[in-house]
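Engineer: Here it is, the structure, as structure tokens.
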Amino acid sequence: MPTFILEDDLSLPSDALIAGVDEVGRGPLAGPVVASAVIINRSLCPESILCTIDDSKRLSHKNRNMALTLIRKIAIAGTGFADRNEIDELNILWASMLAMERAIEEVQTKLDRPLDAVLVDGNRLPNLKCPGYAIVKGDTKSISIAAASIVAKTTRDDFMLKMASIHPEYGWEKNMGYGTQQHLDALKKFGPTEQHRRSFRPVLEALKTSY
């Protein structure tokens with residue numbers, strides 16, 4: 001389970017503003033990449049709450065939503081999107097960095113002073129205005145990053161559910177835009193939507209065969 005060890009290792013004052021940052025949606029064929037920045041108020045964190053926060057990939061849909069409800073009570077969060085056009089223009093890596101920067105900028109607008117530090121899941125940092133630390137598999141190590149992964153995942157899933165109601169053929173309510181067999185078969189049959197990433201090979205191949 002993630003802990004506050006990484007946050008504590010920064011040796012900052014107890015009231016330091018430390019944001020955990022994570023993104024979701026690099027792999028799907030459709031939809032945006034979404035990032036979140038979360039600052040947990042540790043004075044509001046009994047052990048019973050901390051035990052519910054984990055890497056979003058290790059939580060069931062039900063437990064993720066339960067954790068999200070608790071995170072909203074103990075944390076300040078910001079969310080950033082990079083849409084399909086930006087993914088195709090920048091590539092998925094730099095679009096992910098852009099989404100993180102937007103999430104950090106949003107959470108900063110909710111604060112009365114600058115962030116003291118940012119912990120980012122992965123091995124690369126976005127552009128920052130404060131000290132930052134890239135943590136490989138950070139969502140399994142830092143509670144702040146794990147909380148960010150939950151906020152980002154549930155935000156993106158909600159977006160894809162809305163898109164699924166507009167484009168029901170692709171099964172996005174189940175696959176969230178990932179390249180499942182149902183999604184690939186629908187892509188070949190119906191072609192790409194405005195949410196499909198043209199720079200991803202299966203989508204590009206579907207475009208070629210549609211002409």
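Residues are referred to by chain and number: the chain letter is A, B, ... according to the order shown in the structure tokens, the number counts from 1 in that chain, and ligands are numbered separately from 1 in the order shown.
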Residues at most 10 Å from A:Ile49, counting only C-alpha atoms, excluding those fewer than 3 positions away in the same chain, as a PyMOL selection string?

Structural biologist: chain A and resi 44-46+52-53+67+70-71+74

Engineer: Would you export the selected residues with N, CA and C atoms as a CSV table (one decimal), in the first residue's frame, please?

Structural biologist:
chain,number,residue,atom,x,y,z
A,44,LEU,N,-6.6,15.7,8.3
A,44,LEU,CA,-7.9,15.1,8.1
A,44,LEU,C,-7.9,13.6,7.8
A,45,CYS,N,-6.8,13.0,8.0
A,45,CYS,CA,-6.6,11.6,7.4
A,45,CYS,C,-6.5,10.6,8.5
A,46,PRO,N,-7.6,10.0,9.0
A,46,PRO,CA,-7.5,8.9,9.9
A,46,PRO,C,-7.0,7.6,9.1
A,52,THR,N,-8.0,3.1,2.3
A,52,THR,CA,-8.8,3.0,1.1
A,52,THR,C,-8.1,3.5,-0.2
A,53,ILE,N,-7.0,4.2,0.0
A,53,ILE,CA,-6.4,4.9,-1.2
A,53,ILE,C,-5.2,4.0,-1.7
A,67,ALA,N,-13.2,5.5,-2.7
A,67,ALA,CA,-12.0,6.3,-2.4
A,67,ALA,C,-12.1,7.7,-2.8
A,70,LEU,N,-14.0,9.9,-0.4
A,70,LEU,CA,-13.2,10.2,0.7
A,70,LEU,C,-12.1,11.2,0.4
A,71,ILE,N,-11.5,11.1,-0.8
A,71,ILE,CA,-10.4,12.0,-1.2
A,71,ILE,C,-11.0,13.4,-1.3
A,74,ILE,N,-10.8,15.2,2.0
A,74,ILE,CA,-9.5,15.4,2.7
A,74,ILE,C,-8.5,16.1,1.8

Engineer: Would you give me, as a ChimeraX atom specification, the residues in stretch 43-115 of chain A that DSSP reads as strand (DSSP E or B)?

Structural biologist: /A:75-82

Engineer: Enumerate, in order of chain and increasing residue number, the residues of stretch 2-39 of chain A with an atom no farther than 10 Å from stretch 101-122 of chain A, each with its shortest atom pair and distance in Å to one decimal, counting only C-alpha atoms, as CSV.

Structural biologist:
residue,atom,partner,partner_atom,distance
A:Leu6,CA,A:Leu119,CA,8.5
A:Glu7,CA,A:Leu119,CA,8.1
A:Leu10,CA,A:Ala117,CA,8.5
A:Leu12,CA,A:Asp116,CA,8.2
A:Pro13,CA,A:Asp116,CA,9.6
A:Asp15,CA,A:Asp116,CA,9.7
A:Ala16,CA,A:Asp116,CA,6.0
A:Leu17,CA,A:Leu115,CA,5.1
A:Ile18,CA,A:Ala117,CA,4.9
A:Ala19,CA,A:Val118,CA,4.8
A:Gly20,CA,A:Leu119,CA,4.8
A:Val21,CA,A:Val120,CA,4.7
A:Asp22,CA,A:Asp121,CA,5.4
A:Glu23,CA,A:Asp121,CA,7.9
A:Val34,CA,A:Ala103,CA,8.6
A:Ala35,CA,A:Ala103,CA,6.0
A:Ser36,CA,A:Ala103,CA,5.2
A:Ala37,CA,A:Ala103,CA,5.4
A:Val38,CA,A:Val107,CA,7.5
A:Ile39,CA,A:Val107,CA,8.3

Engineer: Please produce a file of those selected residues containing N, CA and C atoms, as a PDB file, in the first residue's frame.

Structural biologist:
ATOM      1  N   LEU A   6       7.487   8.995   1.070  1.00  0.00           N
ATOM      2  CA  LEU A   6       8.141   9.851   0.074  1.00  0.00           C
ATOM      3  C   LEU A   6       7.907  11.322   0.385  1.00  0.00           C
ATOM      4  N   GLU A   7       6.697  11.654   0.797  1.00  0.00           N
ATOM      5  CA  GLU A   7       6.397  13.031   1.175  1.00  0.00           C
ATOM      6  C   GLU A   7       7.257  13.449   2.375  1.00  0.00           C
ATOM      7  N   LEU A  10      11.004  14.438   1.962  1.00  0.00           N
ATOM      8  CA  LEU A  10      11.342  15.758   1.431  1.00  0.00           C
ATOM      9  C   LEU A  10      11.786  16.713   2.533  1.00  0.00           C
ATOM     10  N   LEU A  12      10.178  18.723   4.470  1.00  0.00           N
ATOM     11  CA  LEU A  12       9.539  20.031   4.406  1.00  0.00           C
ATOM     12  C   LEU A  12       8.706  20.255   5.673  1.00  0.00           C
ATOM     13  N   PRO A  13       8.328  21.498   5.963  1.00  0.00           N
ATOM     14  CA  PRO A  13       7.474  21.765   7.130  1.00  0.00           C
ATOM     15  C   PRO A  13       6.163  20.986   7.066  1.00  0.00           C
ATOM     16  N   ASP A  15       3.217  21.898   7.266  1.00  0.00           N
ATOM     17  CA  ASP A  15       2.140  22.526   6.491  1.00  0.00           C
ATOM     18  C   ASP A  15       2.509  22.714   5.021  1.00  0.00           C
ATOM     19  N   ALA A  16       3.557  22.035   4.576  1.00  0.00           N
ATOM     20  CA  ALA A  16       3.988  22.162   3.177  1.00  0.00           C
ATOM     21  C   ALA A  16       2.886  21.698   2.230  1.00  0.00           C
ATOM     22  N   LEU A  17       2.810  22.360   1.090  1.00  0.00           N
ATOM     23  CA  LEU A  17       1.842  21.998   0.050  1.00  0.00           C
ATOM     24  C   LEU A  17       2.533  21.082  -0.950  1.00  0.00           C
ATOM     25  N   ILE A  18       2.254  19.797  -0.843  1.00  0.00           N
ATOM     26  CA  ILE A  18       2.875  18.784  -1.697  1.00  0.00           C
ATOM     27  C   ILE A  18       1.787  18.131  -2.532  1.00  0.00           C
ATOM     28  N   ALA A  19       1.915  18.223  -3.834  1.00  0.00           N
ATOM     29  CA  ALA A  19       0.914  17.645  -4.738  1.00  0.00           C
ATOM     30  C   ALA A  19       1.432  16.343  -5.334  1.00  0.00           C
ATOM     31  N   GLY A  20       0.601  15.338  -5.301  1.00  0.00           N
ATOM     32  CA  GLY A  20       0.857  14.123  -6.063  1.00  0.00           C
ATOM     33  C   GLY A  20       0.201  14.255  -7.422  1.00  0.00           C
ATOM     34  N   VAL A  21       0.896  13.817  -8.461  1.00  0.00           N
ATOM     35  CA  VAL A  21       0.391  13.998  -9.831  1.00  0.00           C
ATOM     36  C   VAL A  21       0.461  12.672 -10.587  1.00  0.00           C
ATOM     37  N   ASP A  22      -0.614  12.348 -11.282  1.00  0.00           N
ATOM     38  CA  ASP A  22      -0.629  11.144 -12.119  1.00  0.00           C
ATOM     39  C   ASP A  22      -1.539  11.382 -13.306  1.00  0.00           C
ATOM     40  N   GLU A  23      -1.360  10.570 -14.338  1.00  0.00           N
ATOM     41  CA  GLU A  23      -2.203  10.672 -15.521  1.00  0.00           C
ATOM     42  C   GLU A  23      -2.727   9.292 -15.902  1.00  0.00           C
ATOM     43  N   VAL A  34      -5.873  12.253 -19.314  1.00  0.00           N
ATOM     44  CA  VAL A  34      -6.340  13.062 -18.184  1.00  0.00           C
ATOM     45  C   VAL A  34      -5.342  12.938 -17.038  1.00  0.00           C
ATOM     46  N   ALA A  35      -5.009  14.067 -16.441  1.00  0.00           N
ATOM     47  CA  ALA A  35      -4.102  14.089 -15.292  1.00  0.00           C
ATOM     48  C   ALA A  35      -4.783  14.761 -14.117  1.00  0.00           C
ATOM     49  N   SER A  36      -4.302  14.422 -12.931  1.00  0.00           N
ATOM     50  CA  SER A  36      -4.812  15.071 -11.731  1.00  0.00           C
ATOM     51  C   SER A  36      -3.658  15.398 -10.800  1.00  0.00           C
ATOM     52  N   ALA A  37      -3.800  16.487 -10.065  1.00  0.00           N
ATOM     53  CA  ALA A  37      -2.865  16.887  -9.026  1.00  0.00           C
ATOM     54  C   ALA A  37      -3.647  16.969  -7.724  1.00  0.00           C
ATOM     55  N   VAL A  38      -3.184  16.272  -6.683  1.00  0.00           N
ATOM     56  CA  VAL A  38      -3.929  16.171  -5.433  1.00  0.00           C
ATOM     57  C   VAL A  38      -3.030  16.528  -4.251  1.00  0.00           C
ATOM     58  N   ILE A  39      -3.534  17.411  -3.403  1.00  0.00           N
ATOM     59  CA  ILE A  39      -2.850  17.782  -2.162  1.00  0.00           C
ATOM     60  C   ILE A  39      -3.701  17.296  -0.999  1.00  0.00           C
TER      61      ILE A  39
END

Engineer: With only C-alpha atoms as the basis for distance, which of A:Leu68, A:Gly31, A:Ile76, A:Ser60 is at the shortest distance from A:Lys162?

Structural biologist: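 Among the listed residues, A:Gly31 lies closest to A:Lys162.
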
Engineer: When you look at A:Tyr178 with a cut-off of 10 Å (counting only C-alpha atoms), what residues show up, excluding the ones that are within fewer than 3 positions of it in the same chain? I need them as a count of residues only.

Structural biologist: 16

Engineer: Can you pull out every residue from stretch 59-204 of chain A that DSSP, working from the backbone, puts in alpha helix (DSSP H), and format the result as a ChimeraX atom specification?

Structural biologist: /A:61-74,84-90,92-109,143-166,172-175,181-190,201-204
